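Below: one structure, written as structure tokens.
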Amino acid sequence: FKANGFDYAYATGMITVYALKNCTVFWGNQPLFVGSGHRSMLWSDNSVGAMNLRVNYRFSKKWQLQFVRARGLNLLRRPNPTNGEAYYEPTSLSIATLYFQPSKHITIGLFEGGKWYRGDSTSQKSIPALYFLPLPGAATLQATTQANSANALLGIDLRAWVGKHTVYGQFALNPAEKNSIVYQIGLRLYPAKNPFIQAQIEYNHADNNAYMSSVSRLNFSNYNLPIAHPSGNAFDEVVLRLLWEKGHWFAQSQTNYFFKQSENETLLMPVVKSSVTSSRQVINQSVEVGYRFNRTYGFETFAGFRYRHAEGSATYAEGSWFSVGIRTALTNHYFDF
């Protein structure tokens with residue numbers, strides 16, 4: 001911009017402080033993922049990372065609390081700017097998870113995600129006092145006591161180890177909306193160690209009103225992207241993933257089949273731009289081979305092929321991609337919906 005101005009596309013970072021032996025504090029905008037699956041039906045790293053404060057506190061070997069308070073944005077400009085560029089509408093976001101581990105083989109988590117109303121293009125509202133309550137239930141209580149001031153998602157996150165294999169699942173709903181149930185059931189199998197082989201199958205479902213609010217600005221989204229599953233709501237999906245590793249070499253295959261996916265991509269945006277309610281079927285198939293230099297942060301070179309076919313009452317799309325590149329897993333990207 002002009003002589004010395006600059007801009008950047010996207011930057012993330014996080015500072016970690018081990019405040020106490022059993023308490024860790026994080027500050028930054030690194031995305032967060034809640035769950036054990038390929039998808040999260042509660043809170044995913046699909047959306048843009050919001051500036052946030054996280055605290056992980058372990059009460060004992062069996063009990064652990066994590067709460068997150070974040071600043072989100074609806075990508076709607078506020079009018080009459082006094083600076084060179086109009087600000088977007090702010091929102092407040094919250095996460096609280098209380099995990100209980102009755103044995104070393106089972107983990108059960110109580111989850112609440114919240115989006116709090118901070119005003120629209122012509123008004124601004126202060127943060128409610130309940131926002132600072134670091135326990136699951138704060139957003140639900142706020143939405144119950146003051147209508148249209150918050151949107152809550154209450155859920156359970158489960159994981160169990162059966163031998164060396166993992167069974168996991170999630171269940172959640174919006175207490176204020178009918179037809180808002182979401183759930184997940186998945187299985188990870190590890191049949192071999194050398195070469196390392198992993199197989200994963202997962203089923204995900206979201207009702208038509210999942211993640212929605214009677215106030216569209218409180219829909220479960222951030223930066224106009226869904227906070228949970230990248231497809232938003234109103235879908236049924238099966239995920240099948242296969243991985244083979246030998247030394248630094250790997251080969252992997254992934255199939256995503258939506259036998260129901262909404263044809264309206266604007267349902268969770270702060271302003272719904274379309275009233276389309278029809279659905280489509282989508283298959284997304286990818287195959288990759290590559291060489292991994294560092295497993296910890298996923299630094300690797302790869303070559304791959306992806307095929308996508310979508311067909312519905314208002315959609316027909318088909319495409320194929322060949323890719324060659326170098327990447328890391330520091331930031332996750334989803335191209336499988």
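Ordered as shown in the structure tokens, chains take letters A, B, and onward, while each chain numbers its residues from 1 and ligands are numbered from 1 in the order shown.
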At most 12 Å is the cut-off: for each residue in segment 196-305 of chain A with any atom that close to an atom of segment 67-72 of chain A, write down the nearest atom pair and the distance in Å rounded to one decimal, counting only C-alpha atoms, chain first then increasing number, as CSV.
```
residue,atom,partner,partner_atom,distance
A:Arg217,CA,A:Gly72,CA,11.5
A:Leu218,CA,A:Gly72,CA,11.0
A:Phe220,CA,A:Gly72,CA,10.9
A:Ser221,CA,A:Gly72,CA,8.9
A:Asn222,CA,A:Gly72,CA,5.9
A:Tyr223,CA,A:Gly72,CA,7.2
A:Asn224,CA,A:Gly72,CA,10.1
A:Leu225,CA,A:Gly72,CA,11.1
A:Ile227,CA,A:Gly72,CA,10.6
```
Give me a file of those residues, with C-alpha atoms, as a short mmCIF file (atom, residue, chain, number, x, y, z; two decimals), in the first residue's frame.
```
data_model
loop_
_atom_site.label_atom_id
_atom_site.label_comp_id
_atom_site.auth_asym_id
_atom_site.auth_seq_id
_atom_site.Cartn_x
_atom_site.Cartn_y
_atom_site.Cartn_z
CA ARG A 217 -25.36 -13.52 13.29
CA LEU A 218 -25.10 -16.19 16.02
CA PHE A 220 -21.99 -21.42 14.58
CA SER A 221 -19.43 -19.86 12.24
CA ASN A 222 -16.34 -17.67 12.37
CA TYR A 223 -14.92 -15.58 9.52
CA ASN A 224 -18.01 -16.82 7.58
CA LEU A 225 -16.73 -20.42 7.80
CA ILE A 227 -16.73 -23.75 13.19
#
```
Set the distance at 12 Å and use only C-alpha atoms: which residues neighbour Asn52 of chain A once local chain neighbours fewer than 4 positions away are removed? I'd like the list as a PyMOL selection string.
chain A and resi 12-15+25-32+48+67-72+92-95
_Calculated over only C-alpha atoms, which of the candidates A:Ser40, A:Asn194, A:Ser286, A:Gln200 has the smallest distance to Arg241 of chain A?_
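Nearest to Arg241 of chain A: A:Gln200.
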How close does each residue of segment 113-227 of chain A get to segment 271-284 of chain A, giving the shortest atom pair and distance in Å to one decimal for every residue with an atom at most 12 Å away, counting only C-alpha atoms, sorted by chain and residue number, as JSON lines?
```
{"residue": "A:Asp120", "atom": "CA", "partner": "A:Val271", "partner_atom": "CA", "distance": 11.1}
{"residue": "A:Ser121", "atom": "CA", "partner": "A:Val271", "partner_atom": "CA", "distance": 11.9}
{"residue": "A:Asn208", "atom": "CA", "partner": "A:Thr277", "partner_atom": "CA", "distance": 8.9}
{"residue": "A:Asn209", "atom": "CA", "partner": "A:Thr277", "partner_atom": "CA", "distance": 11.2}
{"residue": "A:Met212", "atom": "CA", "partner": "A:Val272", "partner_atom": "CA", "distance": 10.8}
{"residue": "A:Ser213", "atom": "CA", "partner": "A:Val272", "partner_atom": "CA", "distance": 11.4}
{"residue": "A:Ser214", "atom": "CA", "partner": "A:Val272", "partner_atom": "CA", "distance": 11.6}
{"residue": "A:Val215", "atom": "CA", "partner": "A:Val271", "partner_atom": "CA", "distance": 9.4}
{"residue": "A:Ser216", "atom": "CA", "partner": "A:Val271", "partner_atom": "CA", "distance": 6.1}
{"residue": "A:Arg217", "atom": "CA", "partner": "A:Val271", "partner_atom": "CA", "distance": 6.8}
{"residue": "A:Leu218", "atom": "CA", "partner": "A:Val271", "partner_atom": "CA", "distance": 9.9}
{"residue": "A:Asn219", "atom": "CA", "partner": "A:Val271", "partner_atom": "CA", "distance": 9.2}
{"residue": "A:Ser221", "atom": "CA", "partner": "A:Val271", "partner_atom": "CA", "distance": 11.1}
{"residue": "A:Asn224", "atom": "CA", "partner": "A:Val271", "partner_atom": "CA", "distance": 9.2}
```
Extract, using only C-alpha atoms, all DNA, RNA and protein residues at most 7 Å from Val34 of chain A, discarding same-chain residues fewer than 3 positions from it, and format them as a PyMOL selection string.
chain A and resi 40+42-44
Between A:Thr301, A:Asn256, A:Ser149, A:Gln285, which has the minimum distance to Gly319 of chain A (counting only C-alpha atoms)?
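Of the candidates, the smallest distance to Gly319 of chain A is held by A:Gln285.
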- Message: Which of segment 185-251 of chain A end up as strand (DSSP E or B) when DSSP is run on this backbone - answer as a ChimeraX atom specification?
- Response: /A:185-193,196-206,221-222,225-226,235-246,249-251
- Message: For segment 242-244 of chain A, find every residue with an atom within 8 Å (counting only C-alpha atoms), except residues of its own chain fewer than 4 positions away, and show them as a ChimeraX atom specification.
- Response: /A:195-200,250-254
**Message:** So that I can check the surroundings of segment 155-172 of chain A, please list as number ranges by chain every protein, DNA and RNA residue that reaches within 8 Å of it, counting only C-alpha atoms and ignoring chain neighbours fewer than 5 positions away.
**Reply:** A: 35-37, 41-42, 105-112, 181-190
Give me the residues near Pro230 of chain A as number ranges by chain, where near means some atom within 9 Å (using only C-alpha atoms) and where sequence neighbours in that chain fewer than 3 positions away do not count. A: 39, 44, 46-47, 225-227, 233, 334, 336-337
For those residues, write all heavy atoms to a file as a PDB file, in the first residue's frame.
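What ended up in part_11.pdb:
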```pdb
ATOM      1  N   ARG A  39     -12.935 -35.736  11.386  1.00  0.00           N
ATOM      2  CA  ARG A  39     -13.758 -34.547  11.568  1.00  0.00           C
ATOM      3  C   ARG A  39     -13.960 -34.290  13.059  1.00  0.00           C
ATOM      4  O   ARG A  39     -13.793 -35.189  13.885  1.00  0.00           O
ATOM      5  CB  ARG A  39     -15.138 -34.730  10.940  1.00  0.00           C
ATOM      6  CG  ARG A  39     -15.155 -35.199   9.507  1.00  0.00           C
ATOM      7  CD  ARG A  39     -14.693 -34.136   8.564  1.00  0.00           C
ATOM      8  NE  ARG A  39     -15.075 -34.466   7.186  1.00  0.00           N
ATOM      9  CZ  ARG A  39     -14.593 -33.864   6.113  1.00  0.00           C
ATOM     10  NH1 ARG A  39     -13.709 -32.888   6.244  1.00  0.00           N
ATOM     11  NH2 ARG A  39     -14.991 -34.212   4.914  1.00  0.00           N
ATOM     12  N   SER A  44     -13.738 -27.531  15.180  1.00  0.00           N
ATOM     13  CA  SER A  44     -12.726 -27.997  14.241  1.00  0.00           C
ATOM     14  C   SER A  44     -11.701 -26.913  13.959  1.00  0.00           C
ATOM     15  O   SER A  44     -11.941 -25.721  14.190  1.00  0.00           O
ATOM     16  CB  SER A  44     -13.406 -28.431  12.935  1.00  0.00           C
ATOM     17  OG  SER A  44     -12.454 -28.712  11.937  1.00  0.00           O
ATOM     18  N   ASN A  46     -11.009 -26.232  11.025  1.00  0.00           N
ATOM     19  CA  ASN A  46     -11.338 -25.827   9.662  1.00  0.00           C
ATOM     20  C   ASN A  46     -11.423 -24.310   9.519  1.00  0.00           C
ATOM     21  O   ASN A  46     -10.960 -23.743   8.529  1.00  0.00           O
ATOM     22  CB  ASN A  46     -12.674 -26.453   9.256  1.00  0.00           C
ATOM     23  CG  ASN A  46     -13.233 -25.874   7.979  1.00  0.00           C
ATOM     24  OD1 ASN A  46     -12.690 -26.078   6.907  1.00  0.00           O
ATOM     25  ND2 ASN A  46     -14.323 -25.130   8.072  1.00  0.00           N
ATOM     26  N   SER A  47     -12.027 -23.639  10.507  1.00  0.00           N
ATOM     27  CA  SER A  47     -12.226 -22.199  10.387  1.00  0.00           C
ATOM     28  C   SER A  47     -10.952 -21.440  10.737  1.00  0.00           C
ATOM     29  O   SER A  47     -10.005 -21.987  11.312  1.00  0.00           O
ATOM     30  CB  SER A  47     -13.376 -21.737  11.289  1.00  0.00           C
ATOM     31  OG  SER A  47     -13.050 -21.952  12.640  1.00  0.00           O
ATOM     32  N   LEU A 225     -16.970 -18.994   8.014  1.00  0.00           N
ATOM     33  CA  LEU A 225     -16.728 -20.419   7.796  1.00  0.00           C
ATOM     34  C   LEU A 225     -17.307 -21.211   8.967  1.00  0.00           C
ATOM     35  O   LEU A 225     -17.272 -20.760  10.109  1.00  0.00           O
ATOM     36  CB  LEU A 225     -15.230 -20.709   7.685  1.00  0.00           C
ATOM     37  CG  LEU A 225     -14.509 -20.142   6.468  1.00  0.00           C
ATOM     38  CD1 LEU A 225     -13.007 -20.384   6.598  1.00  0.00           C
ATOM     39  CD2 LEU A 225     -15.032 -20.767   5.186  1.00  0.00           C
ATOM     40  N   PRO A 226     -17.834 -22.424   8.700  1.00  0.00           N
ATOM     41  CA  PRO A 226     -18.359 -23.241   9.793  1.00  0.00           C
ATOM     42  C   PRO A 226     -17.287 -23.520  10.844  1.00  0.00           C
ATOM     43  O   PRO A 226     -16.123 -23.786  10.512  1.00  0.00           O
ATOM     44  CB  PRO A 226     -18.795 -24.535   9.088  1.00  0.00           C
ATOM     45  CG  PRO A 226     -19.037 -24.126   7.667  1.00  0.00           C
ATOM     46  CD  PRO A 226     -18.037 -23.051   7.377  1.00  0.00           C
ATOM     47  N   ILE A 227     -17.659 -23.470  12.107  1.00  0.00           N
ATOM     48  CA  ILE A 227     -16.726 -23.746  13.190  1.00  0.00           C
ATOM     49  C   ILE A 227     -16.474 -25.239  13.334  1.00  0.00           C
ATOM     50  O   ILE A 227     -15.372 -25.651  13.714  1.00  0.00           O
ATOM     51  CB  ILE A 227     -17.261 -23.152  14.514  1.00  0.00           C
ATOM     52  CG1 ILE A 227     -17.138 -21.617  14.479  1.00  0.00           C
ATOM     53  CG2 ILE A 227     -16.527 -23.703  15.720  1.00  0.00           C
ATOM     54  CD1 ILE A 227     -17.713 -20.920  15.690  1.00  0.00           C
ATOM     55  N   ASN A 233     -24.087 -27.864   7.875  1.00  0.00           N
ATOM     56  CA  ASN A 233     -25.093 -28.723   8.482  1.00  0.00           C
ATOM     57  C   ASN A 233     -25.871 -29.457   7.399  1.00  0.00           C
ATOM     58  O   ASN A 233     -25.575 -29.334   6.210  1.00  0.00           O
ATOM     59  CB  ASN A 233     -26.035 -27.901   9.373  1.00  0.00           C
ATOM     60  CG  ASN A 233     -26.744 -26.806   8.603  1.00  0.00           C
ATOM     61  OD1 ASN A 233     -26.439 -26.547   7.441  1.00  0.00           O
ATOM     62  ND2 ASN A 233     -27.688 -26.149   9.250  1.00  0.00           N
ATOM     63  N   TYR A 334      -8.600 -28.523   4.612  1.00  0.00           N
ATOM     64  CA  TYR A 334      -9.549 -29.544   4.192  1.00  0.00           C
ATOM     65  C   TYR A 334     -10.006 -29.298   2.766  1.00  0.00           C
ATOM     66  O   TYR A 334     -10.510 -28.226   2.448  1.00  0.00           O
ATOM     67  CB  TYR A 334     -10.761 -29.550   5.134  1.00  0.00           C
ATOM     68  CG  TYR A 334     -10.433 -29.944   6.551  1.00  0.00           C
ATOM     69  CD1 TYR A 334     -10.063 -28.984   7.494  1.00  0.00           C
ATOM     70  CD2 TYR A 334     -10.495 -31.267   6.953  1.00  0.00           C
ATOM     71  CE1 TYR A 334      -9.762 -29.345   8.791  1.00  0.00           C
ATOM     72  CE2 TYR A 334     -10.189 -31.641   8.249  1.00  0.00           C
ATOM     73  CZ  TYR A 334      -9.824 -30.681   9.166  1.00  0.00           C
ATOM     74  OH  TYR A 334      -9.518 -31.050  10.456  1.00  0.00           O
ATOM     75  N   ASP A 336     -11.752 -32.018   1.259  1.00  0.00           N
ATOM     76  CA  ASP A 336     -12.462 -33.291   1.098  1.00  0.00           C
ATOM     77  C   ASP A 336     -13.948 -33.173   1.382  1.00  0.00           C
ATOM     78  O   ASP A 336     -14.530 -34.000   2.047  1.00  0.00           O
ATOM     79  CB  ASP A 336     -11.831 -34.370   1.991  1.00  0.00           C
ATOM     80  CG  ASP A 336     -11.687 -33.921   3.438  1.00  0.00           C
ATOM     81  OD1 ASP A 336     -12.167 -32.817   3.772  1.00  0.00           O
ATOM     82  OD2 ASP A 336     -11.104 -34.677   4.241  1.00  0.00           O
ATOM     83  N   PHE A 337     -14.574 -32.117   0.884  1.00  0.00           N
ATOM     84  CA  PHE A 337     -16.016 -31.982   1.037  1.00  0.00           C
ATOM     85  C   PHE A 337     -16.628 -31.394  -0.216  1.00  0.00           C
ATOM     86  O   PHE A 337     -17.804 -31.358  -0.372  1.00  0.00           O
ATOM     87  CB  PHE A 337     -16.363 -31.110   2.255  1.00  0.00           C
ATOM     88  CG  PHE A 337     -15.800 -29.718   2.209  1.00  0.00           C
ATOM     89  CD1 PHE A 337     -16.579 -28.682   1.757  1.00  0.00           C
ATOM     90  CD2 PHE A 337     -14.504 -29.462   2.618  1.00  0.00           C
ATOM     91  CE1 PHE A 337     -16.070 -27.391   1.710  1.00  0.00           C
ATOM     92  CE2 PHE A 337     -13.992 -28.170   2.587  1.00  0.00           C
ATOM     93  CZ  PHE A 337     -14.774 -27.141   2.133  1.00  0.00           C
TER      94      PHE A 337
END
```
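The closest residue to Tyr203 of chain A, picked from A:Phe258, A:Pro270, A:Glu318, A:Ser60 and counting only C-alpha atoms, is A:Phe258.
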Q | DSSP-assigned alpha helix (DSSP H) members of segment 111-191 of chain A, reported as an MDAnalysis selection string | A | chainID A and resid 138:145
Kindly save the residues from that selection, with C-alpha atoms included, as a PDB file, in the first residue's frame.
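Full text of again_21.pdb as output:
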```pdb
ATOM      1  CA  ALA A 138     -22.251 -20.772  30.610  1.00  0.00           C
ATOM      2  CA  ALA A 139     -23.443 -20.159  27.032  1.00  0.00           C
ATOM      3  CA  THR A 140     -26.529 -22.332  27.544  1.00  0.00           C
ATOM      4  CA  LEU A 141     -27.448 -20.397  30.693  1.00  0.00           C
ATOM      5  CA  GLN A 142     -26.927 -17.084  28.878  1.00  0.00           C
ATOM      6  CA  ALA A 143     -29.110 -18.165  25.950  1.00  0.00           C
ATOM      7  CA  THR A 144     -31.809 -19.346  28.383  1.00  0.00           C
ATOM      8  CA  THR A 145     -31.888 -16.254  30.588  1.00  0.00           C
TER       9      THR A 145
END
```
In terms of only C-alpha atoms, the residue from A:Gln66, A:Asn148, A:Asn74, A:Asn22 at minimal distance from Leu268 of chain A is A:Asn74
| task | Figure out the distance between atom CA of Thr91 of chain A and atom CA of Tyr117 of chain A, please, to one decimal in Å. | result |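 Between these atoms lies a distance of 6.0 Å.
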*In Å, how far is it from atom CA of Leu73 of chain A to atom CA of Pro90 of chain A?*
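So the answer is 4.6 Å.
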Residue with the minimum atom-to-atom distance to Phe335 of chain A, picked from A:Thr296, A:Ser180, A:Asn204, A:Thr255 with only C-alpha atoms counted, is A:Thr255
Checklist entry - Between A:Glu245, A:Glu85, A:Glu311, A:Glu265, which one has atoms that come closest to Val289 of chain A, using only C-alpha atoms? => result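 Closest to Val289 of chain A of all the choices is A:Glu245.
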